[in-house]
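Asker: Hey, dropping final_7.cif in here, mmCIF, C-alpha atoms:
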```
data_model
loop_
_atom_site.label_atom_id
_atom_site.label_comp_id
_atom_site.auth_asym_id
_atom_site.auth_seq_id
_atom_site.Cartn_x
_atom_site.Cartn_y
_atom_site.Cartn_z
CA MET A 1 -45.81 6.58 4.29
CA MET A 2 -44.95 3.69 1.97
CA GLY A 3 -41.20 3.13 1.51
CA GLY A 4 -38.46 5.65 2.16
CA ARG A 5 -37.19 6.95 5.47
CA ASN A 6 -39.34 8.84 7.95
CA PRO A 7 -37.94 12.38 8.03
CA GLN A 8 -38.88 12.63 11.71
CA THR A 9 -36.63 9.66 12.65
CA LYS A 10 -33.68 10.84 14.71
CA GLU A 11 -30.23 9.52 14.01
CA LYS A 12 -28.92 7.18 16.68
CA SER A 13 -26.52 8.89 19.05
CA MET A 14 -22.90 7.72 19.19
CA ASN A 15 -21.33 6.93 22.57
CA VAL A 16 -17.67 8.00 22.76
CA ASP A 17 -17.37 8.26 26.56
CA GLY A 18 -13.79 7.75 27.67
CA LEU A 19 -12.36 7.48 24.15
CA LEU A 20 -10.66 10.87 23.92
CA VAL A 21 -7.54 9.75 25.83
CA PHE A 22 -6.97 7.05 23.20
CA ALA A 23 -7.11 9.41 20.19
CA THR A 24 -3.61 9.92 18.77
CA THR A 25 -3.91 12.15 15.69
CA LYS A 26 -5.34 15.68 15.45
CA GLU A 27 -8.08 14.35 13.17
CA GLN A 28 -9.04 11.65 15.69
CA ILE A 29 -9.03 14.12 18.60
CA ASP A 30 -11.15 16.66 16.70
CA THR A 31 -13.59 13.93 15.63
CA VAL A 32 -14.09 12.46 19.11
CA LYS A 33 -14.57 15.96 20.56
CA ALA A 34 -17.13 16.82 17.86
CA VAL A 35 -19.09 13.63 18.53
CA GLU A 36 -18.96 14.26 22.30
CA LYS A 37 -20.31 17.75 21.74
CA LEU A 38 -22.96 17.04 19.10
CA GLY A 39 -23.92 13.43 19.83
CA THR A 40 -24.11 11.96 16.32
CA ALA A 41 -21.73 11.08 13.49
CA LYS A 42 -23.81 13.08 11.02
CA ALA A 43 -23.65 16.28 13.06
CA ALA A 44 -19.92 15.81 13.71
CA ALA A 45 -19.29 15.22 10.00
CA SER A 46 -21.14 18.43 9.11
CA GLU A 47 -19.10 20.47 11.59
CA LEU A 48 -15.76 18.97 10.49
CA GLY A 49 -16.52 19.18 6.75
CA VAL A 50 -16.00 15.45 6.12
CA THR A 51 -18.26 12.50 5.32
CA VAL A 52 -20.12 10.42 7.92
CA ALA A 53 -18.08 7.40 6.78
CA ILE A 54 -14.84 9.18 7.71
CA VAL A 55 -16.21 10.08 11.16
CA ASN A 56 -17.25 6.45 11.74
CA LYS A 57 -13.90 5.15 10.55
CA ARG A 58 -11.94 7.47 12.86
CA VAL A 59 -14.09 6.60 15.87
CA GLU A 60 -13.82 2.87 15.11
CA ARG A 61 -10.04 3.16 14.98
CA VAL A 62 -9.90 4.95 18.34
CA ARG A 63 -12.34 2.44 19.85
CA ALA A 64 -10.19 -0.46 18.60
CA LYS A 65 -7.12 1.01 20.26
CA ALA A 66 -9.07 1.58 23.48
CA THR A 67 -10.18 -2.05 23.48
CA ARG A 68 -6.62 -3.27 22.98
CA ARG A 69 -5.58 -1.14 25.95
CA GLY A 70 -8.37 -2.61 28.10
CA TRP A 71 -11.12 0.05 27.84
CA SER A 72 -14.51 -1.46 26.93
CA PRO A 73 -17.11 -0.38 29.55
CA GLU A 74 -19.90 -2.37 27.93
CA HIS A 75 -17.87 -5.51 28.76
CA ASP A 76 -16.95 -4.28 32.27
CA MET A 77 -13.36 -3.59 31.15
CA LYS A 78 -12.05 -0.34 32.61
CA ALA A 79 -8.54 -1.23 33.82
CA THR A 80 -6.21 -0.04 31.07
CA CYS A 81 -2.55 -0.82 30.36
CA PRO A 82 0.23 1.64 29.40
CA ASP A 83 1.17 2.77 25.87
CA GLY A 84 3.08 0.14 23.90
CA PHE A 85 1.20 -2.74 25.57
CA SER A 86 -2.08 -4.48 24.82
CA VAL A 87 -4.47 -6.55 26.91
CA LYS A 88 -4.25 -10.28 26.20
CA GLY A 89 -6.63 -11.35 28.97
CA THR A 90 -8.88 -9.97 31.72
CA SER A 91 -10.18 -11.71 34.86
CA THR A 92 -13.04 -10.07 36.76
CA LEU A 93 -14.38 -10.98 40.21
CA TYR A 94 -18.06 -10.13 40.85
CA ASN A 95 -19.91 -10.03 44.19
CA GLY A 96 -23.36 -11.47 44.85
CA GLU A 97 -25.08 -8.32 43.59
CA GLY A 98 -23.21 -8.39 40.29
CA GLY A 99 -20.80 -5.59 41.20
CA ILE A 100 -17.09 -5.77 40.37
CA THR A 101 -14.87 -6.35 43.41
CA ALA A 102 -11.55 -6.96 41.62
CA GLN A 103 -10.08 -7.15 38.13
CA TRP A 104 -6.78 -8.54 36.84
CA VAL A 105 -5.35 -7.53 33.47
CA LYS A 106 -2.70 -9.55 31.58
CA THR A 107 -0.70 -7.53 29.06
CA ASN A 108 1.89 -8.02 26.34
CA LYS A 109 3.87 -5.83 23.98
CA ASP A 110 1.49 -4.36 21.41
CA ALA A 111 2.45 -5.15 17.81
CA GLU A 112 -0.72 -3.35 16.77
CA ASP A 113 0.61 -0.17 18.37
CA ILE A 114 3.23 0.00 15.63
CA LYS A 115 0.52 -0.31 12.98
CA GLU A 116 -1.53 2.32 14.80
CA THR A 117 1.41 4.73 14.70
CA LEU A 118 1.90 4.08 10.98
CA GLN A 119 -1.81 4.52 10.37
CA ALA A 120 -1.79 7.84 12.23
CA PHE A 121 1.24 8.95 10.22
CA ALA A 122 -0.49 8.05 6.95
CA GLU A 123 -3.71 9.79 7.97
CA GLY A 124 -1.78 12.96 8.71
CA LEU A 125 -0.22 12.87 5.25
CA THR A 126 -3.43 12.03 3.38
CA GLU A 127 -5.48 14.75 5.08
CA GLY A 128 -3.07 17.31 3.67
CA VAL A 129 -3.26 16.14 0.04
CA ARG A 130 -6.71 14.58 -0.31
CA GLY A 131 -8.42 15.59 -3.53
CA LYS A 132 -6.04 18.48 -4.17
CA TYR A 133 -4.15 16.99 -7.08
CA LYS A 134 -5.12 16.44 -10.71
CA ALA A 135 -3.09 15.30 -13.69
CA LYS A 136 -0.97 17.93 -15.37
CA GLY A 137 -1.64 18.75 -19.00
CA LYS A 138 -4.50 17.66 -21.21
CA LYS A 139 -5.83 14.13 -21.51
CA PRO A 140 -4.36 12.42 -24.61
CA LYS A 141 -6.90 11.91 -27.37
CA SER A 142 -8.28 8.37 -27.18
CA LYS A 143 -8.93 8.31 -30.94
CA SER A 144 -5.20 8.10 -31.59
CA LYS A 145 -4.73 5.25 -29.08
CA ASN A 146 -5.17 1.51 -29.50
CA SER A 147 -7.96 0.50 -27.10
CA GLU A 148 -6.85 -3.16 -27.22
CA LEU A 149 -3.45 -2.44 -25.64
CA ALA A 150 -2.33 -1.83 -22.06
CA THR A 151 1.30 -1.13 -21.13
CA ALA A 152 2.54 -2.02 -17.66
CA ILE A 153 5.52 -0.11 -16.27
CA ILE A 154 6.87 -2.69 -13.81
CA VAL A 155 9.05 -1.30 -11.02
CA GLY A 156 11.21 -3.98 -9.43
CA ASP A 157 12.18 -3.60 -5.76
CA ALA A 158 12.84 0.17 -5.50
CA HIS A 159 14.15 0.07 -1.90
CA LEU A 160 13.76 3.82 -1.43
CA GLY A 161 15.83 4.91 1.54
CA LEU A 162 18.56 2.30 1.00
CA TYR A 163 22.07 3.59 1.68
CA ALA A 164 25.20 2.12 0.09
CA TRP A 165 28.81 3.30 0.48
CA GLY A 166 30.54 2.51 -2.79
CA GLU A 167 33.94 1.87 -1.23
CA GLU A 168 32.44 -0.81 1.02
CA CYS A 169 30.07 -2.32 -1.56
CA GLY A 170 32.37 -2.39 -4.58
CA GLY A 171 30.00 -0.30 -6.67
CA GLU A 172 28.48 3.15 -6.73
CA SER A 173 27.40 5.00 -3.61
CA TYR A 174 23.61 5.11 -3.36
CA ASP A 175 21.07 7.15 -1.45
CA LEU A 176 17.49 8.46 -1.61
CA SER A 177 18.16 11.24 -4.12
CA LYS A 178 20.00 8.94 -6.54
CA SER A 179 17.30 6.28 -6.31
CA ARG A 180 14.62 8.86 -7.07
CA GLU A 181 16.62 10.20 -10.04
CA HIS A 182 17.09 6.73 -11.55
CA ILE A 183 13.43 5.73 -11.22
CA LEU A 184 12.16 8.96 -12.79
CA GLN A 185 14.65 8.62 -15.65
CA ALA A 186 13.59 5.00 -16.28
CA VAL A 187 9.84 5.65 -16.16
CA ARG A 188 10.15 8.68 -18.45
CA ASN A 189 12.20 6.67 -20.95
CA LEU A 190 9.85 3.68 -20.92
CA VAL A 191 6.73 5.83 -21.26
CA GLU A 192 8.20 7.64 -24.26
CA ARG A 193 9.16 4.36 -25.98
CA SER A 194 5.89 2.54 -25.25
CA VAL A 195 3.25 2.02 -27.92
CA ASP A 196 0.20 4.29 -28.02
CA GLY A 197 -2.29 2.21 -26.07
CA GLU A 198 -5.29 3.60 -24.26
CA ASN A 199 -4.35 2.15 -20.86
CA GLY A 200 -1.26 2.28 -18.68
CA ILE A 201 -0.62 0.17 -15.58
CA PHE A 202 1.89 1.24 -12.93
CA ILE A 203 3.02 -1.90 -11.07
CA ASN A 204 5.17 -1.79 -7.95
CA VAL A 205 6.02 -5.44 -7.16
CA GLY A 206 6.84 -4.63 -3.53
CA ASP A 207 9.70 -3.26 -1.42
CA TRP A 208 9.08 0.26 -2.70
CA TYR A 209 10.54 1.27 0.66
CA HIS A 210 13.71 -0.22 2.12
CA ALA A 211 12.38 0.04 5.70
CA ASN A 212 8.84 -0.37 6.99
CA THR A 213 9.17 2.04 9.93
CA LYS A 214 11.78 4.29 11.55
CA VAL A 215 13.30 1.11 13.02
CA PRO A 216 15.91 0.06 10.39
CA THR A 217 15.16 -3.67 10.34
CA THR A 218 13.05 -6.01 8.22
CA PRO A 219 9.68 -6.59 9.95
CA MET A 220 9.69 -10.40 10.06
CA SER A 221 13.33 -11.47 10.32
CA GLY A 222 14.75 -8.39 12.07
CA ASN A 223 17.71 -8.04 9.67
CA LEU A 224 19.56 -4.75 10.17
CA LEU A 225 19.27 -2.33 7.24
CA ASP A 226 21.51 0.48 5.99
CA VAL A 227 19.17 3.45 5.60
CA ASP A 228 19.56 6.98 4.27
CA SER A 229 17.91 9.89 6.09
CA ARG A 230 14.93 10.04 8.44
CA PHE A 231 11.98 7.73 7.89
CA GLY A 232 9.47 10.59 7.58
CA LYS A 233 11.54 12.19 4.82
CA VAL A 234 11.83 8.88 2.92
CA ALA A 235 8.10 8.20 3.33
CA ARG A 236 7.10 11.56 1.86
CA ALA A 237 9.67 11.34 -0.93
CA GLY A 238 8.42 7.88 -1.91
CA ALA A 239 4.79 8.98 -2.11
CA GLU A 240 5.68 12.09 -4.11
CA LEU A 241 7.88 10.01 -6.45
CA GLN A 242 5.00 7.65 -7.19
CA ARG A 243 2.76 10.62 -7.92
CA GLU A 244 5.32 11.97 -10.40
CA CYS A 245 5.61 8.58 -12.13
CA ILE A 246 1.84 8.29 -12.51
CA ASN A 247 1.61 11.82 -13.84
CA MET A 248 4.20 11.01 -16.54
CA MET A 249 2.07 8.04 -17.54
CA LEU A 250 -1.05 10.23 -17.70
CA GLU A 251 0.64 12.37 -20.35
CA LYS A 252 0.72 9.29 -22.61
CA PHE A 253 -2.17 7.08 -21.50
CA PRO A 254 -5.79 8.28 -21.17
CA GLN A 255 -6.33 5.85 -18.25
CA VAL A 256 -3.84 4.63 -15.62
CA THR A 257 -4.25 1.81 -13.08
CA VAL A 258 -1.95 1.72 -10.02
CA ILE A 259 -0.96 -1.52 -8.26
CA ASN A 260 1.21 -1.51 -5.11
CA ALA A 261 2.15 -4.97 -3.81
CA LYS A 262 3.33 -5.52 -0.24
CA GLY A 263 6.98 -6.49 0.06
CA ASN A 264 8.85 -8.21 2.87
CA HIS A 265 10.57 -4.90 3.66
CA ASP A 266 7.42 -2.73 3.58
CA PRO A 267 4.23 -4.75 4.32
CA ASP A 268 2.63 -1.90 6.28
CA ALA A 269 4.23 1.03 4.48
CA ALA A 270 2.85 -0.32 1.18
CA VAL A 271 -0.70 0.01 2.52
CA TRP A 272 -0.42 3.67 3.46
CA LEU A 273 1.54 4.39 0.26
CA ASN A 274 -1.59 3.17 -1.51
CA MET A 275 -3.72 5.41 0.74
CA LEU A 276 -1.60 8.42 -0.19
CA THR A 277 -1.77 7.70 -3.92
CA GLU A 278 -5.56 7.35 -3.64
CA ALA A 279 -5.69 10.67 -1.79
CA TYR A 280 -3.53 12.46 -4.37
CA PHE A 281 -5.77 11.36 -7.25
CA GLU A 282 -9.13 11.31 -5.45
CA ASN A 283 -10.58 13.86 -7.89
CA GLU A 284 -8.81 12.48 -10.96
CA PRO A 285 -11.17 10.04 -12.75
CA ARG A 286 -8.39 8.87 -15.06
CA VAL A 287 -6.58 7.10 -12.20
CA THR A 288 -7.70 3.84 -10.56
CA VAL A 289 -5.78 2.60 -7.49
CA VAL A 290 -6.20 -1.13 -6.77
CA ASN A 291 -6.91 -2.00 -3.12
CA ASN A 292 -3.82 -3.70 -1.69
CA SER A 293 -5.17 -5.12 1.57
CA LYS A 294 -4.28 -8.60 0.27
CA LYS A 295 -0.76 -9.84 -0.34
CA PHE A 296 -1.62 -11.36 -3.75
CA LEU A 297 -3.20 -8.90 -6.21
CA HIS A 298 -4.99 -9.37 -9.53
CA HIS A 299 -5.74 -7.20 -12.57
CA GLN A 300 -7.79 -8.30 -15.56
CA TRP A 301 -7.18 -7.00 -19.09
CA GLY A 302 -9.49 -8.73 -21.55
CA ASP A 303 -8.40 -12.37 -21.80
CA THR A 304 -5.22 -11.57 -19.87
CA SER A 305 -4.82 -11.99 -16.10
CA LEU A 306 -1.99 -10.26 -14.28
CA PHE A 307 -1.24 -11.60 -10.80
CA ILE A 308 1.12 -9.44 -8.74
CA TYR A 309 2.97 -10.83 -5.72
CA HIS A 310 6.28 -9.85 -4.15
CA GLY A 311 7.72 -13.34 -4.48
CA GLU A 312 8.74 -14.67 -1.05
CA ARG A 313 7.10 -18.08 -1.50
CA SER A 314 8.00 -20.71 -4.10
CA ARG A 315 6.46 -20.73 -7.57
CA ARG A 316 4.65 -23.93 -6.74
CA SER A 317 3.02 -22.20 -3.74
CA GLN A 318 2.14 -19.23 -5.92
CA TYR A 319 0.59 -21.48 -8.56
CA GLU A 320 -1.45 -23.37 -5.97
CA TYR A 321 -2.69 -20.10 -4.50
CA VAL A 322 -3.70 -18.61 -7.86
CA THR A 323 -5.60 -21.74 -8.96
CA SER A 324 -7.40 -21.82 -5.61
CA ALA A 325 -8.04 -18.22 -4.55
CA TYR A 326 -8.46 -16.97 -8.14
CA ARG A 327 -10.00 -20.10 -9.63
CA LYS A 328 -12.59 -18.24 -11.73
CA GLU A 329 -10.23 -15.49 -12.96
CA PHE A 330 -7.59 -18.06 -13.90
CA GLY A 331 -10.12 -20.26 -15.67
CA ASP A 332 -11.61 -17.36 -17.61
CA SER A 333 -8.24 -16.13 -18.90
CA GLU A 334 -6.43 -17.24 -22.03
CA PHE A 335 -3.17 -15.80 -20.69
CA SER A 336 -2.00 -15.66 -17.06
CA TYR A 337 1.13 -13.90 -15.85
CA ILE A 338 2.51 -13.93 -12.30
CA LEU A 339 4.72 -10.87 -11.86
CA THR A 340 7.14 -10.80 -8.91
CA GLY A 341 10.28 -9.18 -7.56
CA HIS A 342 12.14 -10.00 -4.32
CA ILE A 343 15.16 -11.84 -5.76
CA HIS A 344 16.36 -8.78 -7.79
CA HIS A 345 17.08 -11.10 -10.74
CA VAL A 346 15.30 -11.37 -14.09
CA THR A 347 13.91 -14.91 -14.45
CA LYS A 348 11.11 -16.50 -16.51
CA GLU A 349 9.42 -19.88 -16.31
CA GLU A 350 6.28 -21.33 -17.87
CA LEU A 351 4.34 -23.62 -15.57
CA GLY A 352 0.81 -25.03 -15.78
CA GLY A 353 -0.60 -22.34 -18.04
CA CYS A 354 1.12 -19.48 -16.17
CA LEU A 355 4.17 -17.49 -17.14
CA PHE A 356 6.13 -16.63 -14.01
CA GLU A 357 8.52 -13.70 -14.23
CA SER A 358 10.65 -11.90 -11.65
CA PHE A 359 11.81 -8.40 -12.54
CA GLY A 360 15.11 -6.65 -11.93
CA THR A 361 15.79 -3.60 -9.81
CA LEU A 362 17.63 -0.34 -10.50
CA THR A 363 18.87 -0.26 -6.91
CA ALA A 364 22.59 -0.50 -6.17
CA LYS A 365 24.04 -3.22 -3.92
CA ASP A 366 24.07 -2.47 -0.20
CA ALA A 367 26.62 -3.95 2.21
CA TYR A 368 24.58 -7.10 2.91
CA HIS A 369 24.30 -8.05 -0.77
CA ALA A 370 27.90 -7.09 -1.50
CA ASP A 371 29.18 -9.23 1.40
CA ASN A 372 27.19 -12.18 0.03
CA LEU A 373 28.71 -11.72 -3.46
CA TYR A 374 25.37 -10.76 -5.01
CA THR A 375 25.37 -9.62 -8.65
CA ALA A 376 22.54 -8.75 -11.05
CA ALA A 377 21.84 -6.47 -13.99
CA ARG A 378 19.99 -3.27 -13.03
CA THR A 379 16.89 -2.88 -15.19
CA MET A 380 13.29 -1.67 -15.39
CA THR A 381 10.81 -3.12 -17.87
CA ALA A 382 7.62 -2.06 -19.65
CA VAL A 383 5.42 -4.88 -20.99
CA THR A 384 2.55 -4.33 -23.43
CA TYR A 385 -0.45 -6.67 -23.23
CA HIS A 386 -3.18 -7.16 -25.86
CA LYS A 387 -6.72 -7.90 -24.72
CA SER A 388 -6.90 -11.02 -26.89
CA PHE A 389 -3.28 -12.11 -27.36
CA GLY A 390 -1.50 -11.52 -24.05
CA GLU A 391 2.01 -10.04 -24.15
CA VAL A 392 2.82 -8.49 -27.53
CA GLY A 393 5.91 -6.41 -26.79
CA ARG A 394 8.26 -4.94 -24.23
CA GLN A 395 10.85 -2.24 -23.66
CA VAL A 396 13.79 -2.47 -21.25
CA PHE A 397 15.64 0.37 -19.60
#
```
In structure tokens, how does this file's structure come out?

Answerer:
Amino acid sequence: MMGGRNPQTKEKSMNVDGLLVFATTKEQIDTVKAVEKLGTAKAAASELGVTVAIVNKRVERVRAKATRRGWSPEHDMKATCPDGFSVKGTSTLYNGEGGITAQWVKTNKDAEDIKETLQAFAEGLTEGVRGKYKAKGKKPKSKSKNSELATAIIVGDAHLGLYAWGEECGGESYDLSKSREHILQAVRNLVERSVDGENGIFINVGDWYHANTKVPTTPMSGNLLDVDSRFGKVARAGAELQRECINMMLEKFPQVTVINAKGNHDPDAAVWLNMLTEAYFENEPRVTVVNNSKKFLHHQWGDTSLFIYHGERSRRSQYEYVTSAYRKEFGDSEFSYILTGHIHHVTKEELGGCLFESFGTLTAKDAYHADNLYTAARTMTAVTYHKSFGEVGRQVF
């Protein structure tokens, strides 16, 4: 037979011996058991009602955790370490016949274990909503929309889950429900006042969540945070809030692009927030969710480049990164905008062919910012970009 695949060729079996004890979610456990029973990813996928790619991804994730814990039989590694630790080195003593006579395992605290827990949490949420949600209402008629325009609703640091006691902070008391109410009110207002373009862009510049995990500290610096409610409740509320915001935009714009940048408060949570949004709108062709594996994100609209970054590093560093990592995109664009948050202030500066802008937040002051005499206007902004002329208008809430 010329070309094509021989129908008699058997799929290669998948070895998952010893992996079951490292599976943490129901989906991972069911997948490993199905592969153990049936022998191949294809057969397991058929039994579970998922794709082969999903089976492979789940098994790879379990195998990666097993390796971190010291289980990799093909490399003669079978001495595992406890939960919460990972193997940083293994020494093996062999006899003259090549058999193992002794093995020493060096361990350390497993930072990846935290990511694994977050990943498992996100997988549990996405499995429950995947492909089950479509935009409410009818798609707006494109004939009445200007195909040259795209309006970006830019959400400054939302800090969902932040708690503020007004008496201590010298302002209003703030919690999850109030934050949600303010964001919905702002997005609704800005969508209604925006021009009738064919495309909408929902941009979260980072720190959508106040805390990255159930531990109320910032991931890198360990600063203690004032948080409202349980982390699981905040996580679900944040994902559902983003879904509601996108749905409001779909009532106005025929197509919507979603961009979630990683903040310094939520570098991991931002990734699974993106996963959840993708899952919600998996069967909605009008929604495109930009992959946010990288810290610095890019979106092209005609001759306009939008670069989205949370804003921890200096503008000089940002400029150097854009002109290096995005050399072609920057060179091909007549207009380049670097959109950031982080400082909670509205600032603008033109530098080397880029317009840098940091956007405000609706969030109230918490104790840390109040104690440090922080003040800023509380705003949300919608910016309209033309394919050929860059920014042509904006609305401020």

Asker: One decimal, Å: what's the distance from CA of Ile154 (chain A) over to CA of Gly302 (chain A), could you say?

Answerer: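 CA of Gly302 (chain A) lies at a distance of 19.1 Å from CA of Ile154 (chain A).
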
Asker: Give me the residues near region 337-346 of chain A as a PyMOL selection string, where near means some atom within 8 Å (using only C-alpha atoms) and where sequence neighbours in that chain fewer than 6 positions away do not count.

Answerer: chain A and resi 156-157+205-207+263+304-312+354-361+376-377

Asker: Around all listed atoms of region 370-378 of chain A, padded 3 Å per side, what centre and edge lengths does the axis-aligned box have in Å to one decimal, as lines of an AutoDock Vina configuration file?

Answerer:
```
center_x = 24.6
center_y = -7.7
center_z = -6.3
size_x = 15.2
size_y = 14.9
size_z = 21.4
```

Asker: Out of A:Glu251, A:Glu282, A:Glu36, A:Glu60, which residue has the shortest atom-to-atom distance to Gly200 (chain A) when counting all atoms listed in the file?

Answerer: A:Glu251

Asker: If the PyMOL selection byres ((chain A and resi 193) around 10) were run on this exact file, what residues would it hold? Put them as an NGL selection string.

Answerer: :A and (187-192 or 194-196 or 382 or 394-397)

Asker: Report as a short mmCIF file (atom, residue, chain, number, x, y, z; two decimals) with C-alpha atoms, in the frame of the given file the residues that result from applying the PyMOL selection byres ((chain A and resi 279) around 6) to the structure here.

Answerer:
```cif
data_model
loop_
_atom_site.label_atom_id
_atom_site.label_comp_id
_atom_site.auth_asym_id
_atom_site.auth_seq_id
_atom_site.Cartn_x
_atom_site.Cartn_y
_atom_site.Cartn_z
CA THR A 126 -3.43 12.03 3.38
CA ARG A 130 -6.71 14.58 -0.31
CA GLY A 131 -8.42 15.59 -3.53
CA LEU A 276 -1.60 8.42 -0.19
CA THR A 277 -1.77 7.70 -3.92
CA GLU A 278 -5.56 7.35 -3.64
CA TYR A 280 -3.53 12.46 -4.37
CA PHE A 281 -5.77 11.36 -7.25
CA GLU A 282 -9.13 11.31 -5.45
#
```

Asker: Please evaluate the PyMOL selection byres ((chain A and resi 46-56) around 9) against the structure above and give the resulting residues as an NGL selection string.

Answerer: :A and (28 or 30-32 or 34-35 or 41-45 or 57-61)

Asker: May I ask which of the residues A:Val16, A:Leu362, A:Val383, A:Ala239 is the closest one to Val129 (chain A), counting only C-alpha atoms?

Answerer: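 Between A:Val16, A:Leu362, A:Val383, A:Ala239, the residue approaching Val129 (chain A) most closely is A:Ala239.
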
Asker: Rank A:Ser388, A:Thr323, A:Asn15, A:Thr218 by their smallest atom-to-atom distance to Lys33 (chain A), using all atoms listed in the file, and report the top residue only.

Answerer: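 Checking each of A:Ser388, A:Thr323, A:Asn15, A:Thr218 against Lys33 (chain A), counting all atoms listed in the file, the winner is A:Asn15.
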
Asker: In Å, how far is it from CA of Phe202 (chain A) to CA of Lys387 (chain A)?

Answerer: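 CA of Lys387 (chain A) lies 17.2 Å from CA of Phe202 (chain A).
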
Asker: Just the residues within 8 Å of Arg286 (chain A), please, counting all atoms listed in the file, with nothing from its chain fewer than 5 positions along; format it as a ChimeraX atom specification.

Answerer: /A:250,254-256

Asker: For the atom pair CA of Ala237 (chain A) and CA of Phe296 (chain A), what is the interatomic distance in Å to one decimal place?

Answerer: 25.5 Å

Asker: Which is closer to Ala211 (chain A) than all the others in A:Asn247, A:Lys262, A:Glu181, A:Ala269, using only C-alpha atoms?

Answerer: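 Distance minimum relative to Ala211 (chain A) lands on A:Ala269.
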
Asker: Looking at only C-alpha atoms, which of A:Thr375, A:Asn204, A:Tyr319, A:Cys169 is the one that sits closest to Val290 (chain A)?

Answerer: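 Result for the nearest residue to Val290 (chain A): A:Asn204.
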
Asker: For Val289 (chain A), work out the shell of residues within 7 Å, counting only C-alpha atoms and skipping chain neighbours fewer than 3 positions away, then give it as a list in words.

Answerer: Thr257, Val258, Ile259 and Glu278 of chain A

Asker: For Gly197 (chain A), which residue out of A:Asn274, A:Ser142, A:Thr24, A:Thr67 is the nearest one, using only C-alpha atoms?

Answerer: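 Once distances to Gly197 (chain A) are computed over only C-alpha atoms, the minimum belongs to A:Ser142.
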